[in-house]
Amino acid sequence: MGKILNLALCAAFFWSITASAETIEVPLKFIDKSNDRSKLRPVGHVFTMPVKEIPEGNWKLPALNAETPLYLLHKMGDKSFLIVFDEKENDANGYSRIYIDMDNDGDLAEEKPIDGTRDERRNNNGFFECSFSSIDISVTVDGGEVPYSIQLRISGHIVEKDGKKTLDYTQVYLYGASVFRGEFEVNGKTYSLMLNDTNINGSFTDKGELRDSPGRNNIKLMELGSDEIYMDTGELGYTDNQPYGEWLYIGSSLYRLNIDMGKRLITLTEATEKLFPLALSFKPIEIALLNDDDGSIVVARNCDDSSLSLPAGNYRLIDYRIAKNDDQGDRWEVTATGAQEALAVRVGEGVNPTLTFGEPFTPQVHRDDRRGSGNTILTFVTRGSNDEQVTMIAHSEGSNTKIPLSKKTGSYPKEPRYRIVKSDGELVARGTFEYG
């Protein structure tokens with residue numbers, strides 16, 4: 001009886017260890033990018049238009065120099081911050097001072113003015129531009145106070161008529177000047193990750209939505225505008241970004257991803273749902289998929305093989321990053337974004353699906369006639385086997401490649417050339433495509 005009891009206790013102890021191992025907690029550390037020495041400094045930003053009328057609210061303003069101050073009410077987390085654009089001096093040469101309701105109490109008269117730096121190269125012929133260094137604020141997200149840093153830039157045009165200067169137009173860019181970093185371990189590998197708030201609203205967990213309107217070349221791409229997670233082993237780079245989503249697939253395990261910014265904590269919980277196989281035509285470095293059934297996003301990273309185990313659903317390709325060596329042994333990386341028109345792949349009971357992407361790649365040239373101008377724009381794109389559009393082809397390792405490289409970028413293939421010839425053989429035009 002004692003032996004049976006001991007075995008039962010051992011089994012219970014073993015179960016407690018395996019159960020706790022199913023959840024990984026990742027504390028997040030606030031990083032001010034102005035003090036971040038890493039090579040990776042992703043920038044989220046939004047473009048907006050300030051207004052001449054003060055927004056509705058119980059505001060207390062300081063004495064202002066500008067004859068026409070401008071106002072911008074920007075929501076971040078659960079707070080809305082009023083920003084007032086003023087001038088250092090009443091010279092009507094552009095806005096160079098701001099006030100921000102830092103403590104969100106409506107009293108800007110108590111706030112210190114923040115002076116920017118004018119770009120003298122752009123301050124001519126009525127045009128002006130002024131940038132402001134990092135400003136530290138606190139936003140309320142997920143029930144907690146979260147540190148945040150922003151940068152601003154204002155530009156516009158002033159028209160002078162009959163000796164009076166009036167504002168023609170103005171625009172403001174808000175930039176995220178901070179990120180959150182963390183580390184965790186899976187299967188003996190240590191992963192670094194970083195959260196980037198792409199739309200500067202303080203949440204870091206926006207999924208975004210697919211664009212209804214077609215993008216370049218009248219192709220609707222799977223561009224979500226989501227917040228980003230950068231993740232990989234070793235030092236992070238700009239190609240390590242992936243869209244924020246509910247699921248994270250690492251190695252051969254699927255984890256539900258939960259980000260609590262109020263606690264500054266990420267929790268990865270291993271999936272308990274029934275999972276089904278999805279074969280991939282190429283083993284990716286990273287691949288992101290959209291489940292049309294529930295709108296969830298799965299991001300797979302450093303897969304053990306060219307297959308995934310996923311909850312049942314209909315999955316479409318969002319984007320991927322793959323790598324392959326050329327004949328000389330040099331490594332090349334390709335990133336691509338899926339097409340909205342591509343058919344979804346059914347994953348579930350009784351099916352053995354394969355998601356096809358990558359090779360063979362097909363080059364295409366799209367023509368855009370600009371009405372009334374007499375000009376034609378030619379755009380060179382490369383499409384993959386799932387109709388995805390290649391966004392980058394880069395030489396990443398080695399020095400023996402025989403593939404000609406671009407002199408401008410150093411890592412991209414040499415720019416393709418074109419010739420336009422009439423049916424009778426007459427040469428109409430020739431030239432070289434440019435990256436952009």
# chains A, B, ... in the order shown; residues from 1 in each chain; ligands from 1
>>> residues_around(residues="Ile266 in chain A", least_positions_apart="6", cutoff="9 Å", atoms="only C-alpha atoms", output="number ranges by chain")
A: 24-28, 182, 257-260
>>> closest_atom_pairs(of="range 144-231 of chain A", to="range 66-78 of chain A", cutoff="10 Å", atoms="only C-alpha atoms", output="Markdown table")
| residue | atom | partner | partner_atom | distance |
| --- | --- | --- | --- | --- |
| A:Gly144 | CA | A:Gly77 | CA | 10.0 |
| A:Glu145 | CA | A:Gly77 | CA | 9.5 |
| A:Val146 | CA | A:Gly77 | CA | 9.1 |
| A:Tyr148 | CA | A:Met76 | CA | 9.6 |
| A:Thr166 | CA | A:Thr68 | CA | 8.9 |
| A:Leu167 | CA | A:Thr68 | CA | 8.5 |
| A:Thr170 | CA | A:Leu70 | CA | 9.3 |
| A:Val172 | CA | A:Leu72 | CA | 8.9 |
| A:Leu174 | CA | A:His74 | CA | 9.6 |
| A:Asn199 | CA | A:Met76 | CA | 9.8 |
| A:Ile200 | CA | A:Met76 | CA | 7.1 |
| A:Asn201 | CA | A:Met76 | CA | 4.2 |
| A:Gly202 | CA | A:Met76 | CA | 5.0 |
| A:Ser203 | CA | A:Gly77 | CA | 5.9 |
| A:Phe204 | CA | A:Gly77 | CA | 9.7 |
>>> residues_around(residues="Ile285 in chain A", least_positions_apart="2", cutoff="9 Å", atoms="only C-alpha atoms", output="count of residues only")
10
>>> residues_around(residues="Pro113 in chain A", least_positions_apart="4", cutoff="7 Å", atoms="only C-alpha atoms", output="list in words")
Arg97, Ile98 and Tyr99 of chain A
>>> closest_residue(among="A:Thr233, A:Glu341, A:Arg264, A:Leu310", to="Leu248 in chain A", atoms="only C-alpha atoms")
A:Leu310
>>> residues_around(residues="Asn291 in chain A", least_positions_apart="5", cutoff="6 Å", atoms="only C-alpha atoms", output="tab-separated table (two decimals) with C-alpha atoms, in the first residue's frame")
chain	number	residue	atom	x	y	z
A	296	SER	CA	-7.40	34.69	-35.27
A	313	GLY	CA	-10.22	26.44	-39.61
A	314	ASN	CA	-9.73	27.98	-43.03
A	315	TYR	CA	-6.30	29.60	-43.24
>>> closest_atom_pairs(of="range 326-366 of chain A", to="range 397-415 of chain A", cutoff="8 Å", atoms="only C-alpha atoms", output="JSON lines")
{"residue": "A:Asp326", "atom": "CA", "partner": "A:Thr401", "partner_atom": "CA", "distance": 7.1}
{"residue": "A:Asp327", "atom": "CA", "partner": "A:Thr401", "partner_atom": "CA", "distance": 7.7}
{"residue": "A:Gln328", "atom": "CA", "partner": "A:Thr401", "partner_atom": "CA", "distance": 5.5}
{"residue": "A:Gly329", "atom": "CA", "partner": "A:Gly398", "partner_atom": "CA", "distance": 7.3}
{"residue": "A:Asp330", "atom": "CA", "partner": "A:Gly398", "partner_atom": "CA", "distance": 4.6}
{"residue": "A:Arg331", "atom": "CA", "partner": "A:Glu397", "partner_atom": "CA", "distance": 4.9}
{"residue": "A:Trp332", "atom": "CA", "partner": "A:Glu397", "partner_atom": "CA", "distance": 7.1}
>>> write_last_selection(atoms="C-alpha atoms", output="mmCIF file, in the first residue's frame")
data_model
loop_
_atom_site.group_PDB
_atom_site.id
_atom_site.type_symbol
_atom_site.label_atom_id
_atom_site.label_comp_id
_atom_site.auth_asym_id
_atom_site.auth_seq_id
_atom_site.Cartn_x
_atom_site.Cartn_y
_atom_site.Cartn_z
ATOM 1 C CA ASP A 326 22.423 29.771 -54.168
ATOM 2 C CA ASP A 327 24.741 27.553 -56.235
ATOM 3 C CA GLN A 328 27.804 29.143 -54.609
ATOM 4 C CA GLY A 329 26.511 28.474 -51.078
ATOM 5 C CA ASP A 330 25.554 32.080 -50.280
ATOM 6 C CA ARG A 331 22.344 32.610 -48.343
ATOM 7 C CA TRP A 332 19.430 34.625 -49.727
#
>>> select_by_dssp(residues="range 177-393 of chain A", states="strand (DSSP E or B)", output="PyMOL selection string")
chain A and resi 178-186+189-196+221+228-233+241-243+247-250+253-260+265-270+276-280+286-291+297-301+307-310+313-325+331-337+339+345-347+354-355+362-370+375-383+389-393
>>> closest_residue(among="A:Leu265, A:Leu221, A:Ile54, A:Leu152", to="Ser133 in chain A", atoms="only C-alpha atoms")
A:Leu152
>>> atom_distance(atom1="CA of Glu56 in chain A", atom2="CA of Tyr173 in chain A")
22.4 Å
>>> closest_residue(among="A:Leu254, A:Ile150, A:Leu378, A:Val84", to="Leu268 in chain A", atoms="only C-alpha atoms")
A:Leu254
>>> residues_around(residues="range 425-431 of chain A", least_positions_apart="6", cutoff="12 Å", atoms="only C-alpha atoms", output="list of chain:residue names")
A:Thr376, A:Leu378, A:Glu415, A:Pro416, A:Arg417, A:Tyr418, A:Arg419
>>> write_last_selection(atoms="C-alpha atoms", output="PDB file, in the first residue's frame")
ATOM      1  CA  THR A 376       3.129  55.672 -68.198  1.00  0.00           C
ATOM      2  CA  LEU A 378       5.867  50.668 -65.144  1.00  0.00           C
ATOM      3  CA  GLU A 415      17.964  46.241 -60.795  1.00  0.00           C
ATOM      4  CA  PRO A 416      16.195  44.673 -63.820  1.00  0.00           C
ATOM      5  CA  ARG A 417      16.326  46.497 -67.127  1.00  0.00           C
ATOM      6  CA  TYR A 418      13.496  46.945 -69.624  1.00  0.00           C
ATOM      7  CA  ARG A 419      13.046  47.591 -73.366  1.00  0.00           C
TER       8      ARG A 419
END
>>> atom_distance(atom1="CA of Gly156 in chain A", atom2="CA of Tyr435 in chain A")
28.7 Å
